[in-house]
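*Asks:* Sharing entry_37.pdb, PDB, C-alpha atoms and all ligand atoms:
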```pdb
ATOM      1  CA  MET A  58      84.891 -14.167 -43.294
ATOM      2  CA  PHE A  59      88.061 -12.075 -43.591
ATOM      3  CA  LEU A  60      88.323  -9.137 -41.184
ATOM      4  CA  PRO A  61      91.345  -6.884 -40.858
ATOM      5  CA  GLU A  62      92.919  -7.398 -37.438
ATOM      6  CA  ALA A  63      91.867  -4.005 -36.035
ATOM      7  CA  ALA A  64      88.246  -4.449 -37.142
ATOM      8  CA  ALA A  65      88.088  -7.960 -35.711
ATOM      9  CA  ALA A  66      89.439  -6.705 -32.373
ATOM     10  CA  ALA A  67      86.810  -3.972 -32.327
ATOM     11  CA  LEU A  68      83.987  -6.524 -32.537
ATOM     12  CA  VAL A  69      84.643  -8.030 -29.102
ATOM     13  CA  PRO A  70      82.805  -6.594 -26.077
ATOM     14  CA  GLY A  71      84.511  -3.644 -24.431
ATOM     15  CA  ARG A  72      84.398  -1.364 -27.463
ATOM     16  CA  LEU A  73      84.966   1.648 -25.191
ATOM     17  CA  ALA A  74      87.509   0.052 -22.862
ATOM     18  CA  GLY A  75      89.922   2.634 -21.473
ATOM     19  CA  LYS A  76      87.818   5.603 -22.574
ATOM     20  CA  THR A  77      86.331   8.287 -20.348
ATOM     21  CA  ALA A  78      83.137  10.110 -21.253
ATOM     22  CA  ILE A  79      80.962  12.997 -20.153
ATOM     23  CA  ILE A  80      77.269  12.454 -20.916
ATOM     24  CA  THR A  81      74.901  15.370 -20.289
ATOM     25  CA  GLY A  82      71.233  14.772 -19.632
ATOM     26  CA  ALA A  83      72.289  11.326 -18.394
ATOM     27  CA  GLY A  84      69.724  11.230 -15.597
ATOM     28  CA  SER A  85      66.925  10.145 -17.941
ATOM     29  CA  GLY A  86      65.931   8.834 -21.357
ATOM     30  CA  LEU A  87      68.527   8.680 -24.114
ATOM     31  CA  GLY A  88      71.401   9.902 -21.924
ATOM     32  CA  ARG A  89      70.722   7.359 -19.198
ATOM     33  CA  ALA A  90      70.523   4.469 -21.675
ATOM     34  CA  THR A  91      73.801   5.613 -23.237
ATOM     35  CA  ALA A  92      75.531   5.863 -19.847
ATOM     36  CA  GLU A  93      74.467   2.274 -19.141
ATOM     37  CA  ARG A  94      75.770   1.054 -22.523
ATOM     38  CA  TYR A  95      79.021   2.999 -22.225
ATOM     39  CA  VAL A  96      79.767   1.403 -18.853
ATOM     40  CA  ALA A  97      78.835  -2.024 -20.234
ATOM     41  CA  GLU A  98      81.323  -1.384 -23.065
ATOM     42  CA  GLY A  99      84.122  -0.591 -20.613
ATOM     43  CA  ALA A 100      84.044   3.226 -20.412
ATOM     44  CA  ARG A 101      84.093   5.341 -17.285
ATOM     45  CA  VAL A 102      81.327   7.938 -17.395
ATOM     46  CA  LEU A 103      80.558  11.265 -15.772
ATOM     47  CA  VAL A 104      76.760  11.165 -15.479
ATOM     48  CA  ALA A 105      75.805  14.852 -15.705
ATOM     49  CA  ASP A 106      72.311  16.245 -15.254
ATOM     50  CA  ILE A 107      70.598  19.328 -13.917
ATOM     51  CA  ASP A 108      68.731  16.940 -11.617
ATOM     52  CA  GLY A 109      71.547  15.760  -9.371
ATOM     53  CA  SER A 110      69.461  13.135  -7.600
ATOM     54  CA  ARG A 111      68.570  11.480 -10.911
ATOM     55  CA  ALA A 112      72.247  11.422 -11.882
ATOM     56  CA  ALA A 113      73.100   9.849  -8.523
ATOM     57  CA  ALA A 114      70.386   7.200  -8.948
ATOM     58  CA  VAL A 115      71.781   6.222 -12.371
ATOM     59  CA  CYS A 116      75.263   5.868 -10.900
ATOM     60  CA  GLU A 117      74.056   3.740  -7.979
ATOM     61  CA  ARG A 118      73.149   1.026 -10.470
ATOM     62  CA  LEU A 119      76.392   1.356 -12.453
ATOM     63  CA  GLY A 120      79.037   1.049  -9.737
ATOM     64  CA  ASP A 121      82.477   2.656  -9.657
ATOM     65  CA  ALA A 122      82.700   3.290 -13.405
ATOM     66  CA  ALA A 123      80.055   6.022 -13.184
ATOM     67  CA  VAL A 124      80.323   9.292 -11.262
ATOM     68  CA  PRO A 125      77.386  11.703 -10.889
ATOM     69  CA  THR A 126      77.533  15.458 -11.211
ATOM     70  CA  GLN A 127      74.916  18.192 -11.124
ATOM     71  CA  VAL A 128      75.184  20.749 -13.934
ATOM     72  CA  ASP A 129      73.131  23.300 -15.795
ATOM     73  CA  VAL A 130      74.643  22.937 -19.260
ATOM     74  CA  SER A 131      73.546  26.440 -20.271
ATOM     75  CA  ASP A 132      75.766  27.966 -17.540
ATOM     76  CA  GLU A 133      79.385  28.496 -18.603
ATOM     77  CA  THR A 134      80.806  28.331 -15.063
ATOM     78  CA  ALA A 135      78.882  25.143 -14.312
ATOM     79  CA  VAL A 136      80.104  23.531 -17.545
ATOM     80  CA  ALA A 137      83.717  24.330 -16.634
ATOM     81  CA  ALA A 138      83.132  22.722 -13.223
ATOM     82  CA  MET A 139      81.617  19.652 -14.925
ATOM     83  CA  VAL A 140      84.711  19.167 -17.090
ATOM     84  CA  GLN A 141      86.918  19.628 -14.026
ATOM     85  CA  ALA A 142      84.860  16.975 -12.218
ATOM     86  CA  ALA A 143      85.564  14.546 -15.073
ATOM     87  CA  LEU A 144      89.279  15.342 -14.931
ATOM     88  CA  ASP A 145      89.307  14.900 -11.152
ATOM     89  CA  ALA A 146      87.518  11.555 -11.430
ATOM     90  CA  PHE A 147      89.193  10.077 -14.512
ATOM     91  CA  GLY A 148      92.203  12.244 -15.438
ATOM     92  CA  ALA A 149      91.056  12.742 -19.047
ATOM     93  CA  VAL A 150      88.019  13.330 -21.274
ATOM     94  CA  ASN A 151      87.970  11.207 -24.424
ATOM     95  CA  VAL A 152      84.278  11.446 -25.292
ATOM     96  CA  LEU A 153      81.635  14.155 -24.921
ATOM     97  CA  PHE A 154      78.005  13.192 -25.494
ATOM     98  CA  SER A 155      76.236  16.555 -25.410
ATOM     99  CA  ASN A 156      72.703  15.287 -25.079
ATOM    100  CA  ALA A 157      70.808  17.322 -22.473
ATOM    101  CA  GLY A 158      67.844  19.099 -23.965
ATOM    102  CA  VAL A 159      64.372  20.411 -23.319
ATOM    103  CA  ALA A 160      61.186  20.251 -25.350
ATOM    104  CA  GLU A 161      59.093  23.241 -26.255
ATOM    105  CA  SER A 162      55.405  23.182 -25.464
ATOM    106  CA  VAL A 163      53.723  23.089 -28.848
ATOM    107  CA  LYS A 164      52.415  26.561 -29.754
ATOM    108  CA  PRO A 165      52.184  28.900 -32.762
ATOM    109  CA  LEU A 166      54.855  31.466 -33.573
ATOM    110  CA  ALA A 167      52.817  34.367 -32.196
ATOM    111  CA  GLU A 168      52.716  32.805 -28.734
ATOM    112  CA  ILE A 169      56.434  32.110 -28.284
ATOM    113  CA  SER A 170      57.866  34.669 -25.862
ATOM    114  CA  SER A 171      61.438  35.826 -26.307
ATOM    115  CA  LEU A 172      62.157  34.387 -22.830
ATOM    116  CA  GLU A 173      61.008  30.934 -23.993
ATOM    117  CA  TRP A 174      63.046  31.312 -27.199
ATOM    118  CA  ASP A 175      66.169  32.151 -25.188
ATOM    119  CA  ARG A 176      65.647  29.211 -22.803
ATOM    120  CA  ILE A 177      65.317  26.669 -25.616
ATOM    121  CA  ILE A 178      68.293  28.063 -27.538
ATOM    122  CA  ASP A 179      70.448  28.272 -24.389
ATOM    123  CA  ILE A 180      69.842  24.685 -23.246
ATOM    124  CA  ASN A 181      69.633  22.982 -26.638
ATOM    125  CA  LEU A 182      72.212  24.939 -28.647
ATOM    126  CA  LYS A 183      74.445  27.239 -26.575
ATOM    127  CA  ALA A 184      75.156  24.365 -24.177
ATOM    128  CA  PHE A 185      76.801  22.327 -26.945
ATOM    129  CA  PHE A 186      79.012  25.337 -27.775
ATOM    130  CA  LEU A 187      79.960  25.676 -24.082
ATOM    131  CA  CYS A 188      80.635  21.943 -23.619
ATOM    132  CA  ALA A 189      82.634  21.663 -26.852
ATOM    133  CA  GLN A 190      84.704  24.725 -25.985
ATOM    134  CA  ALA A 191      85.438  23.365 -22.513
ATOM    135  CA  VAL A 192      86.438  19.823 -23.555
ATOM    136  CA  ALA A 193      88.335  20.591 -26.782
ATOM    137  CA  PRO A 194      91.600  21.522 -24.976
ATOM    138  CA  GLN A 195      91.446  18.272 -22.990
ATOM    139  CA  MET A 196      90.877  16.221 -26.129
ATOM    140  CA  ARG A 197      93.644  18.083 -27.947
ATOM    141  CA  ALA A 198      96.018  17.306 -25.080
ATOM    142  CA  ALA A 199      95.075  13.615 -25.405
ATOM    143  CA  ASP A 200      95.745  13.667 -29.199
ATOM    144  CA  GLY A 201      92.085  13.461 -30.066
ATOM    145  CA  GLY A 202      88.599  12.582 -28.954
ATOM    146  CA  ALA A 203      84.995  12.188 -30.010
ATOM    147  CA  MET A 204      82.146  14.648 -29.588
ATOM    148  CA  ILE A 205      78.591  13.501 -30.208
ATOM    149  CA  VAL A 206      75.571  15.756 -29.943
ATOM    150  CA  THR A 207      71.869  14.960 -29.927
ATOM    151  CA  ALA A 208      69.928  17.032 -32.454
ATOM    152  CA  SER A 209      66.545  15.788 -33.718
ATOM    153  CA  ILE A 210      64.872  14.612 -36.881
ATOM    154  CA  ALA A 211      62.607  17.629 -36.243
ATOM    155  CA  ALA A 212      65.442  19.750 -37.665
ATOM    156  CA  ARG A 213      64.812  18.075 -41.030
ATOM    157  CA  ARG A 214      61.085  17.260 -40.797
ATOM    158  CA  PRO A 215      59.576  20.052 -38.687
ATOM    159  CA  ARG A 216      56.050  19.854 -37.328
ATOM    160  CA  PRO A 217      54.026  23.052 -36.800
ATOM    161  CA  GLY A 218      54.278  24.705 -33.395
ATOM    162  CA  MET A 219      57.891  23.853 -32.601
ATOM    163  CA  ALA A 220      59.806  26.768 -34.126
ATOM    164  CA  ALA A 221      62.289  27.387 -31.295
ATOM    165  CA  TYR A 222      63.004  23.689 -30.768
ATOM    166  CA  VAL A 223      63.520  23.084 -34.485
ATOM    167  CA  ALA A 224      65.772  26.141 -34.784
ATOM    168  CA  SER A 225      67.852  25.001 -31.807
ATOM    169  CA  LYS A 226      68.375  21.542 -33.278
ATOM    170  CA  ALA A 227      69.158  22.860 -36.773
ATOM    171  CA  GLY A 228      71.731  25.108 -35.090
ATOM    172  CA  VAL A 229      73.271  22.107 -33.360
ATOM    173  CA  ILE A 230      73.775  20.407 -36.727
ATOM    174  CA  GLY A 231      75.438  23.522 -38.174
ATOM    175  CA  LEU A 232      77.687  23.932 -35.157
ATOM    176  CA  ALA A 233      78.698  20.267 -35.177
ATOM    177  CA  ARG A 234      79.624  20.368 -38.860
ATOM    178  CA  ALA A 235      81.607  23.587 -38.319
ATOM    179  CA  LEU A 236      83.503  21.997 -35.416
ATOM    180  CA  ALA A 237      84.080  18.783 -37.367
ATOM    181  CA  VAL A 238      86.022  20.805 -39.933
ATOM    182  CA  GLU A 239      87.773  23.022 -37.393
ATOM    183  CA  LEU A 240      88.867  20.279 -34.994
ATOM    184  CA  ALA A 241      89.709  17.492 -37.460
ATOM    185  CA  GLY A 242      93.378  18.490 -37.459
ATOM    186  CA  ASP A 243      93.447  17.837 -33.711
ATOM    187  CA  GLY A 244      92.054  14.331 -34.145
ATOM    188  CA  ILE A 245      88.718  15.394 -32.660
ATOM    189  CA  ARG A 246      85.685  13.893 -34.416
ATOM    190  CA  VAL A 247      82.295  15.601 -34.136
ATOM    191  CA  ASN A 248      79.108  13.767 -35.089
ATOM    192  CA  VAL A 249      75.371  14.272 -34.700
ATOM    193  CA  LEU A 250      72.589  11.884 -33.732
ATOM    194  CA  ASN A 251      69.158  12.767 -35.093
ATOM    195  CA  PRO A 252      66.595  10.752 -33.125
ATOM    196  CA  GLY A 253      63.077  10.358 -34.376
ATOM    197  CA  PRO A 254      60.274  10.318 -31.776
ATOM    198  CA  ALA A 255      61.736   8.318 -28.911
ATOM    199  CA  GLN A 256      60.028   6.585 -26.010
ATOM    200  CA  THR A 257      61.346   8.759 -23.161
ATOM    201  CA  PRO A 258      59.682  11.110 -20.654
ATOM    202  CA  MET A 259      60.135  13.929 -23.219
ATOM    203  CA  LEU A 260      57.783  12.288 -25.710
ATOM    204  CA  LYS A 261      54.596  13.407 -23.955
ATOM    205  CA  GLU A 262      55.702  17.046 -24.224
ATOM    206  CA  PHE A 263      55.711  16.838 -28.027
ATOM    207  CA  SER A 264      52.595  14.825 -28.408
ATOM    208  CA  PHE A 265      49.101  15.861 -29.359
ATOM    209  CA  ALA A 266      47.728  12.495 -28.270
ATOM    210  CA  ALA A 267      45.686  11.910 -25.114
ATOM    211  CA  SER A 268      47.881   9.141 -23.691
ATOM    212  CA  GLU A 269      51.323   7.621 -24.187
ATOM    213  CA  ALA A 270      49.770   4.489 -25.680
ATOM    214  CA  GLU A 271      47.858   6.604 -28.196
ATOM    215  CA  ALA A 272      50.993   8.628 -28.974
ATOM    216  CA  LEU A 273      53.010   5.470 -29.596
ATOM    217  CA  ARG A 274      50.289   4.102 -31.891
ATOM    218  CA  MET A 275      50.182   7.371 -33.872
ATOM    219  CA  LEU A 276      53.961   7.522 -34.084
ATOM    220  CA  GLY A 277      54.198   3.931 -35.171
ATOM    221  CA  GLU A 278      51.825   4.693 -38.035
ATOM    222  CA  ALA A 279      53.840   7.799 -39.006
ATOM    223  CA  LEU A 280      57.206   6.014 -39.186
ATOM    224  CA  PRO A 281      57.998   3.710 -42.114
ATOM    225  CA  LEU A 282      59.608   1.146 -39.799
ATOM    226  CA  GLY A 283      56.498   1.242 -37.625
ATOM    227  CA  ARG A 284      57.764   1.701 -34.072
ATOM    228  CA  ALA A 285      58.873   4.562 -31.835
ATOM    229  CA  ILE A 286      62.620   4.894 -31.329
ATOM    230  CA  GLN A 287      63.939   3.234 -28.166
ATOM    231  CA  PRO A 288      66.678   4.723 -25.954
ATOM    232  CA  ALA A 289      68.759   1.600 -26.650
ATOM    233  CA  ASP A 290      68.707   2.456 -30.383
ATOM    234  CA  ILE A 291      70.383   5.788 -29.651
ATOM    235  CA  ALA A 292      72.824   4.235 -27.173
ATOM    236  CA  ALA A 293      73.981   1.734 -29.797
ATOM    237  CA  ALA A 294      74.750   4.511 -32.284
ATOM    238  CA  ALA A 295      76.458   6.575 -29.590
ATOM    239  CA  VAL A 296      78.727   3.615 -28.770
ATOM    240  CA  TYR A 297      79.739   3.298 -32.415
ATOM    241  CA  LEU A 298      80.467   7.016 -32.842
ATOM    242  CA  ALA A 299      82.543   7.117 -29.632
ATOM    243  CA  SER A 300      84.498   3.997 -30.503
ATOM    244  CA  ASP A 301      87.654   3.607 -32.551
ATOM    245  CA  GLU A 302      85.557   1.767 -35.146
ATOM    246  CA  ALA A 303      84.363   5.261 -36.180
ATOM    247  CA  CYS A 304      87.926   6.630 -36.374
ATOM    248  CA  ASN A 305      87.335   7.958 -39.889
ATOM    249  CA  VAL A 306      83.819   9.290 -39.320
ATOM    250  CA  THR A 307      83.283  12.997 -38.670
ATOM    251  CA  GLY A 308      80.635  15.554 -39.598
ATOM    252  CA  LEU A 309      78.073  12.758 -39.922
ATOM    253  CA  VAL A 310      74.411  13.499 -39.203
ATOM    254  CA  MET A 311      73.056  10.050 -38.367
ATOM    255  CA  ASN A 312      69.284   9.653 -38.409
ATOM    256  CA  ILE A 313      67.939   7.093 -35.939
ATOM    257  CA  ASP A 314      64.398   7.842 -36.974
ATOM    258  CA  GLY A 315      62.583   4.754 -38.196
ATOM    259  CA  GLY A 316      62.643   6.287 -41.681
ATOM    260  CA  ARG A 317      60.861   9.522 -40.725
ATOM    261  CA  ASP A 318      63.220  11.492 -42.998
ATOM    262  CA  LEU A 319      62.283   9.497 -46.103
TER     263      LEU A 319
HETATM  264  N1  LIG A 401      62.437  11.893 -26.900
HETATM  265  C1  LIG A 401      62.356  12.281 -28.157
HETATM  266  O1  LIG A 401      61.365  12.038 -28.845
HETATM  267  C2  LIG A 401      63.514  13.041 -28.787
HETATM  268  C3  LIG A 401      63.545  13.122 -30.188
HETATM  269  C4  LIG A 401      64.590  13.808 -30.794
HETATM  270  C5  LIG A 401      65.577  14.390 -30.019
HETATM  271  N2  LIG A 401      65.514  14.305 -28.655
HETATM  272  C6  LIG A 401      66.589  14.937 -27.891
HETATM  273  O2  LIG A 401      67.239  13.938 -27.136
HETATM  274  C7  LIG A 401      67.859  14.517 -25.991
HETATM  275  C8  LIG A 401      67.508  13.702 -24.765
HETATM  276  O3  LIG A 401      66.103  13.762 -24.570
HETATM  277  P1  LIG A 401      65.266  12.605 -23.844
HETATM  278  O4  LIG A 401      64.199  12.212 -24.768
HETATM  279  O5  LIG A 401      66.189  11.594 -23.276
HETATM  280  O6  LIG A 401      64.566  13.487 -22.698
HETATM  281  P2  LIG A 401      64.474  13.310 -21.115
HETATM  282  O7  LIG A 401      63.590  14.417 -20.679
HETATM  283  O8  LIG A 401      64.149  11.913 -20.756
HETATM  284  O9  LIG A 401      65.970  13.596 -20.620
HETATM  285  C9  LIG A 401      66.573  14.868 -20.719
HETATM  286  C10 LIG A 401      67.496  15.049 -19.528
HETATM  287  O10 LIG A 401      68.164  16.319 -19.692
HETATM  288  C11 LIG A 401      68.216  16.940 -18.412
HETATM  289  N3  LIG A 401      68.346  18.398 -18.569
HETATM  290  C12 LIG A 401      67.384  19.274 -18.956
HETATM  291  N4  LIG A 401      67.875  20.533 -18.931
HETATM  292  C13 LIG A 401      69.163  20.440 -18.509
HETATM  293  C14 LIG A 401      70.182  21.394 -18.279
HETATM  294  N5  LIG A 401      69.975  22.713 -18.438
HETATM  295  N6  LIG A 401      71.396  20.961 -17.852
HETATM  296  C15 LIG A 401      71.624  19.629 -17.655
HETATM  297  N7  LIG A 401      70.692  18.677 -17.862
HETATM  298  C16 LIG A 401      69.475  19.083 -18.279
HETATM  299  C17 LIG A 401      66.903  16.546 -17.746
HETATM  300  O11 LIG A 401      66.973  16.699 -16.325
HETATM  301  C18 LIG A 401      66.753  15.098 -18.189
HETATM  302  O12 LIG A 401      67.325  14.197 -17.259
HETATM  303  C19 LIG A 401      67.378  15.971 -25.953
HETATM  304  O13 LIG A 401      68.395  16.801 -26.482
HETATM  305  C20 LIG A 401      66.166  15.945 -26.870
HETATM  306  O14 LIG A 401      65.919  17.221 -27.440
HETATM  307  C21 LIG A 401      64.516  13.617 -28.026
END
```
Now, as a test, write the supplied structure out as C-alpha cells.
*Replies:*
Amino acid sequence: MFLPEAAAAALVPGRLAGKTAIITGAGSGLGRATAERYVAEGARVLVADIDGSRAAAVCERLGDAAVPTQVDVSDETAVAAMVQAALDAFGAVNVLFSNAGVAESVKPLAEISSLEWDRIIDINLKAFFLCAQAVAPQMRAADGGAMIVTASIAARRPRPGMAAYVASKAGVIGLARALAVELAGDGIRVNVLNPGPAQTPMLKEFSFAASEAEALRMLGEALPLGRAIQPADIAAAAVYLASDEACNVTGLVMNIDGGRDL
C-alpha cells in the first residue's frame, strides 16, 4: 500500500516522541490512562491532579518521563504554577490535555444550589479557560501546539438531573471551538473529546443503578456498540489529536461514545 513518507513515519511507535504534555486529572480514570499512553508513545508528561498522592503514584509506575504536580485547576494562581512546573521539568509545553472534571450528583433543577452550580462550572469549564490562557504563550513561542479538552456526550444527549454538568460541558465545546479559530494562526490546534459513559471511578456518580455491574449492563444496552467506553479508548484518541498526524485537525468534537449520539 502506498503511504506518503510523513504518514508512513507517523505509523511507527513513538508518535509523541519529543513532545511534552500537561495532563490534568491524570491521577485517575481517563487522564491516568492517557498519561500512560503518552509516555509509551515517547512524550514527557506533567501528571497534574488535585490529589497529589494519586499523581505521584501514577508517576512511580512511569519512570523519569512523568513528573507529578498537585493543582486545583479552578485556581488561577495554581494553574500558573502548574505551567511553570512543566517548563521547569521539560523546558516547553507542546500539548495540553485539559481533562480534570467532577460529576454532579443527579438532582432536579430546583435542588441545585448556586454554590454547586459555581463549583461545577469552575472545575469543568473555567479551568479549561485558565489552562488554555496559561499555556497559549508557551505554545506560541514554540510555533504551535495542541490543546485537547474532555467534554462529554452528555452535552449532546443530556439526561435529566444533570443541568450544571451538561451546561459546563456544552460550554467547553463552545470555548474550544472559539479558541480553535482564534489560535489557528499561531499553529495551535484545539480539539474536543466527547466520551460516552466510561468505566472510571466517576461512573458510579452518574449512575442510577445499584452496582457497577448493573450500571455497565444498563449502559451496554443503551449504547449501539454495546459496551461502556474504556479509558484506553479515550487515550488512543488523545494520542492521535496530540500527534503530528492530526496536524490539519482543529475545532473537531470527537465522540468516543459507542454510538450514543446516533
Ligand atoms: N467517566 C465518564 O463516564 C465520563 C463521561 C464523559 C466525560 N467524562 C469526563 O472525563 C474527565 C475525566 O473523568 P474520569 O471519568 O477519568 O473521572 P475520575 O474521577 O476517574 O478522574 C478525575 C480526576 O480529576 C481530578 N480532579 C477533580 N477536580 C480537580 C481539580 N479541581 N483540579 C485538578 N484535578 C481535579 C480528580 O482528583 C481525579 O483524579 C472529566 O472531565 C469528566 O467530566 C467522564
*Asks:* Name the residues in contact with Val206 in chain A at a cut-off of 8 Å, using all atoms listed in the file, excluding same-chain residues fewer than 6 positions from it; report them as a list of chain:residue names.
*Replies:*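 Surrounding residues, per the criterion: A:Phe154, A:Ser155, A:Asn156, A:Phe185, A:Val229, A:Ala233, A:Val247, A:Asn248, A:Val249, A:Leu250.
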*Asks:* CA of Asn181 in chain A to CA of Leu73 in chain A: how many Å, to one decimal?
*Replies:*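 Result for CA of Asn181 in chain A versus CA of Leu73 in chain A: 26.3 Å, one decimal.
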*Asks:* Could you give me the residues within 8 Å of ligand LIG 401 (chain A), counting only C-alpha atoms and all ligand atoms, as a PDB file with C-alpha atoms, keeping the file's coordinate frame?
*Replies:*
```
ATOM      1  CA  THR A  81      74.901  15.370 -20.289  1.00  0.00           C
ATOM      2  CA  GLY A  82      71.233  14.772 -19.632  1.00  0.00           C
ATOM      3  CA  ALA A  83      72.289  11.326 -18.394  1.00  0.00           C
ATOM      4  CA  GLY A  84      69.724  11.230 -15.597  1.00  0.00           C
ATOM      5  CA  SER A  85      66.925  10.145 -17.941  1.00  0.00           C
ATOM      6  CA  GLY A  86      65.931   8.834 -21.357  1.00  0.00           C
ATOM      7  CA  LEU A  87      68.527   8.680 -24.114  1.00  0.00           C
ATOM      8  CA  GLY A  88      71.401   9.902 -21.924  1.00  0.00           C
ATOM      9  CA  ARG A  89      70.722   7.359 -19.198  1.00  0.00           C
ATOM     10  CA  ALA A 105      75.805  14.852 -15.705  1.00  0.00           C
ATOM     11  CA  ASP A 106      72.311  16.245 -15.254  1.00  0.00           C
ATOM     12  CA  ILE A 107      70.598  19.328 -13.917  1.00  0.00           C
ATOM     13  CA  ASP A 108      68.731  16.940 -11.617  1.00  0.00           C
ATOM     14  CA  ARG A 111      68.570  11.480 -10.911  1.00  0.00           C
ATOM     15  CA  ALA A 112      72.247  11.422 -11.882  1.00  0.00           C
ATOM     16  CA  GLN A 127      74.916  18.192 -11.124  1.00  0.00           C
ATOM     17  CA  VAL A 128      75.184  20.749 -13.934  1.00  0.00           C
ATOM     18  CA  ASP A 129      73.131  23.300 -15.795  1.00  0.00           C
ATOM     19  CA  VAL A 130      74.643  22.937 -19.260  1.00  0.00           C
ATOM     20  CA  SER A 131      73.546  26.440 -20.271  1.00  0.00           C
ATOM     21  CA  ASP A 132      75.766  27.966 -17.540  1.00  0.00           C
ATOM     22  CA  SER A 155      76.236  16.555 -25.410  1.00  0.00           C
ATOM     23  CA  ASN A 156      72.703  15.287 -25.079  1.00  0.00           C
ATOM     24  CA  ALA A 157      70.808  17.322 -22.473  1.00  0.00           C
ATOM     25  CA  GLY A 158      67.844  19.099 -23.965  1.00  0.00           C
ATOM     26  CA  VAL A 159      64.372  20.411 -23.319  1.00  0.00           C
ATOM     27  CA  ALA A 160      61.186  20.251 -25.350  1.00  0.00           C
ATOM     28  CA  ILE A 180      69.842  24.685 -23.246  1.00  0.00           C
ATOM     29  CA  ASN A 181      69.633  22.982 -26.638  1.00  0.00           C
ATOM     30  CA  ALA A 184      75.156  24.365 -24.177  1.00  0.00           C
ATOM     31  CA  THR A 207      71.869  14.960 -29.927  1.00  0.00           C
ATOM     32  CA  ALA A 208      69.928  17.032 -32.454  1.00  0.00           C
ATOM     33  CA  SER A 209      66.545  15.788 -33.718  1.00  0.00           C
ATOM     34  CA  ILE A 210      64.872  14.612 -36.881  1.00  0.00           C
ATOM     35  CA  ALA A 211      62.607  17.629 -36.243  1.00  0.00           C
ATOM     36  CA  TYR A 222      63.004  23.689 -30.768  1.00  0.00           C
ATOM     37  CA  LYS A 226      68.375  21.542 -33.278  1.00  0.00           C
ATOM     38  CA  ASN A 251      69.158  12.767 -35.093  1.00  0.00           C
ATOM     39  CA  PRO A 252      66.595  10.752 -33.125  1.00  0.00           C
ATOM     40  CA  GLY A 253      63.077  10.358 -34.376  1.00  0.00           C
ATOM     41  CA  PRO A 254      60.274  10.318 -31.776  1.00  0.00           C
ATOM     42  CA  ALA A 255      61.736   8.318 -28.911  1.00  0.00           C
ATOM     43  CA  GLN A 256      60.028   6.585 -26.010  1.00  0.00           C
ATOM     44  CA  THR A 257      61.346   8.759 -23.161  1.00  0.00           C
ATOM     45  CA  PRO A 258      59.682  11.110 -20.654  1.00  0.00           C
ATOM     46  CA  MET A 259      60.135  13.929 -23.219  1.00  0.00           C
ATOM     47  CA  LEU A 260      57.783  12.288 -25.710  1.00  0.00           C
ATOM     48  CA  PHE A 263      55.711  16.838 -28.027  1.00  0.00           C
ATOM     49  CA  ILE A 286      62.620   4.894 -31.329  1.00  0.00           C
ATOM     50  CA  PRO A 288      66.678   4.723 -25.954  1.00  0.00           C
TER      51      PRO A 288
END
```
*Asks:* Can you pull out every residue within 12 Å of Thr134 in chain A, counting all atoms listed in the file, but drop anything in the same chain fewer than 6 positions away, and send it as a PDB file with C-alpha atoms, keeping the file's coordinate frame?
*Replies:*
```pdb
ATOM      1  CA  VAL A 128      75.184  20.749 -13.934  1.00  0.00           C
ATOM      2  CA  VAL A 140      84.711  19.167 -17.090  1.00  0.00           C
ATOM      3  CA  GLN A 141      86.918  19.628 -14.026  1.00  0.00           C
ATOM      4  CA  ALA A 184      75.156  24.365 -24.177  1.00  0.00           C
ATOM      5  CA  LEU A 187      79.960  25.676 -24.082  1.00  0.00           C
ATOM      6  CA  CYS A 188      80.635  21.943 -23.619  1.00  0.00           C
ATOM      7  CA  ALA A 191      85.438  23.365 -22.513  1.00  0.00           C
TER       8      ALA A 191
END
```
*Asks:* Let me make sure I understand: among A:Ala285, A:Ala90, A:Ala221, A:Leu276, which one has the smallest atom-to-atom distance to Ala167 in chain A if we use all atoms listed in the file?
*Replies:* A:Ala221
*Asks:* Given the file shown, determine the residues that the PyMOL selection byres (((chain A and resi 153) around 8) and not hetatm) selects; report them as number ranges by chain.
*Replies:* A: 78-80, 150-152, 154-155, 188-189, 192, 203-205
*Asks:* Now that the selection is made, can you save its residues with C-alpha atoms as a PDB file, in the coordinates of the input?
*Replies:*
```
ATOM      1  CA  ALA A  78      83.137  10.110 -21.253  1.00  0.00           C
ATOM      2  CA  ILE A  79      80.962  12.997 -20.153  1.00  0.00           C
ATOM      3  CA  ILE A  80      77.269  12.454 -20.916  1.00  0.00           C
ATOM      4  CA  VAL A 150      88.019  13.330 -21.274  1.00  0.00           C
ATOM      5  CA  ASN A 151      87.970  11.207 -24.424  1.00  0.00           C
ATOM      6  CA  VAL A 152      84.278  11.446 -25.292  1.00  0.00           C
ATOM      7  CA  PHE A 154      78.005  13.192 -25.494  1.00  0.00           C
ATOM      8  CA  SER A 155      76.236  16.555 -25.410  1.00  0.00           C
ATOM      9  CA  CYS A 188      80.635  21.943 -23.619  1.00  0.00           C
ATOM     10  CA  ALA A 189      82.634  21.663 -26.852  1.00  0.00           C
ATOM     11  CA  VAL A 192      86.438  19.823 -23.555  1.00  0.00           C
ATOM     12  CA  ALA A 203      84.995  12.188 -30.010  1.00  0.00           C
ATOM     13  CA  MET A 204      82.146  14.648 -29.588  1.00  0.00           C
ATOM     14  CA  ILE A 205      78.591  13.501 -30.208  1.00  0.00           C
TER      15      ILE A 205
END
```
*Asks:* Select, from A:Val96, A:Leu103, A:Met196, A:Ile313, the residue with the minimum atom-to-atom distance to Ala294 in chain A, counting all atoms listed in the file.
*Replies:*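 With all atoms listed in the file as the atom set, the closest residue is A:Ile313.
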*Asks:* So how many Å separate CA of Glu161 in chain A and CA of Ala295 in chain A, to one decimal?
*Replies:*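 Straight-line distance from CA of Glu161 in chain A to CA of Ala295 in chain A works out to 24.3 Å.
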*Asks:* Between A:Glu278, A:Glu271, A:Asp243, A:Glu173, which is the closest to Asp200 in chain A once you count only C-alpha atoms?
*Replies:*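 Closest candidate: A:Asp243.
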*Asks:* One decimal, Å: what's the distance from CA of Ile230 in chain A over to CA of Ala212 in chain A, could you say?
*Replies:* 8.4 Å
*Asks:* For a quick check of understanding, using all atoms listed in the file, which of A:Lys261, A:Arg214, A:Gly228, A:Met219 has the smallest distance to Gly316 in chain A?
*Replies:*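 Of the candidates, the smallest distance to Gly316 in chain A is held by A:Arg214.
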*Asks:* When you count only C-alpha atoms, which of these residues is closest to Leu319 in chain A: A:Arg118, A:Arg213, A:Arg94, A:Arg284?
*Replies:* A:Arg213
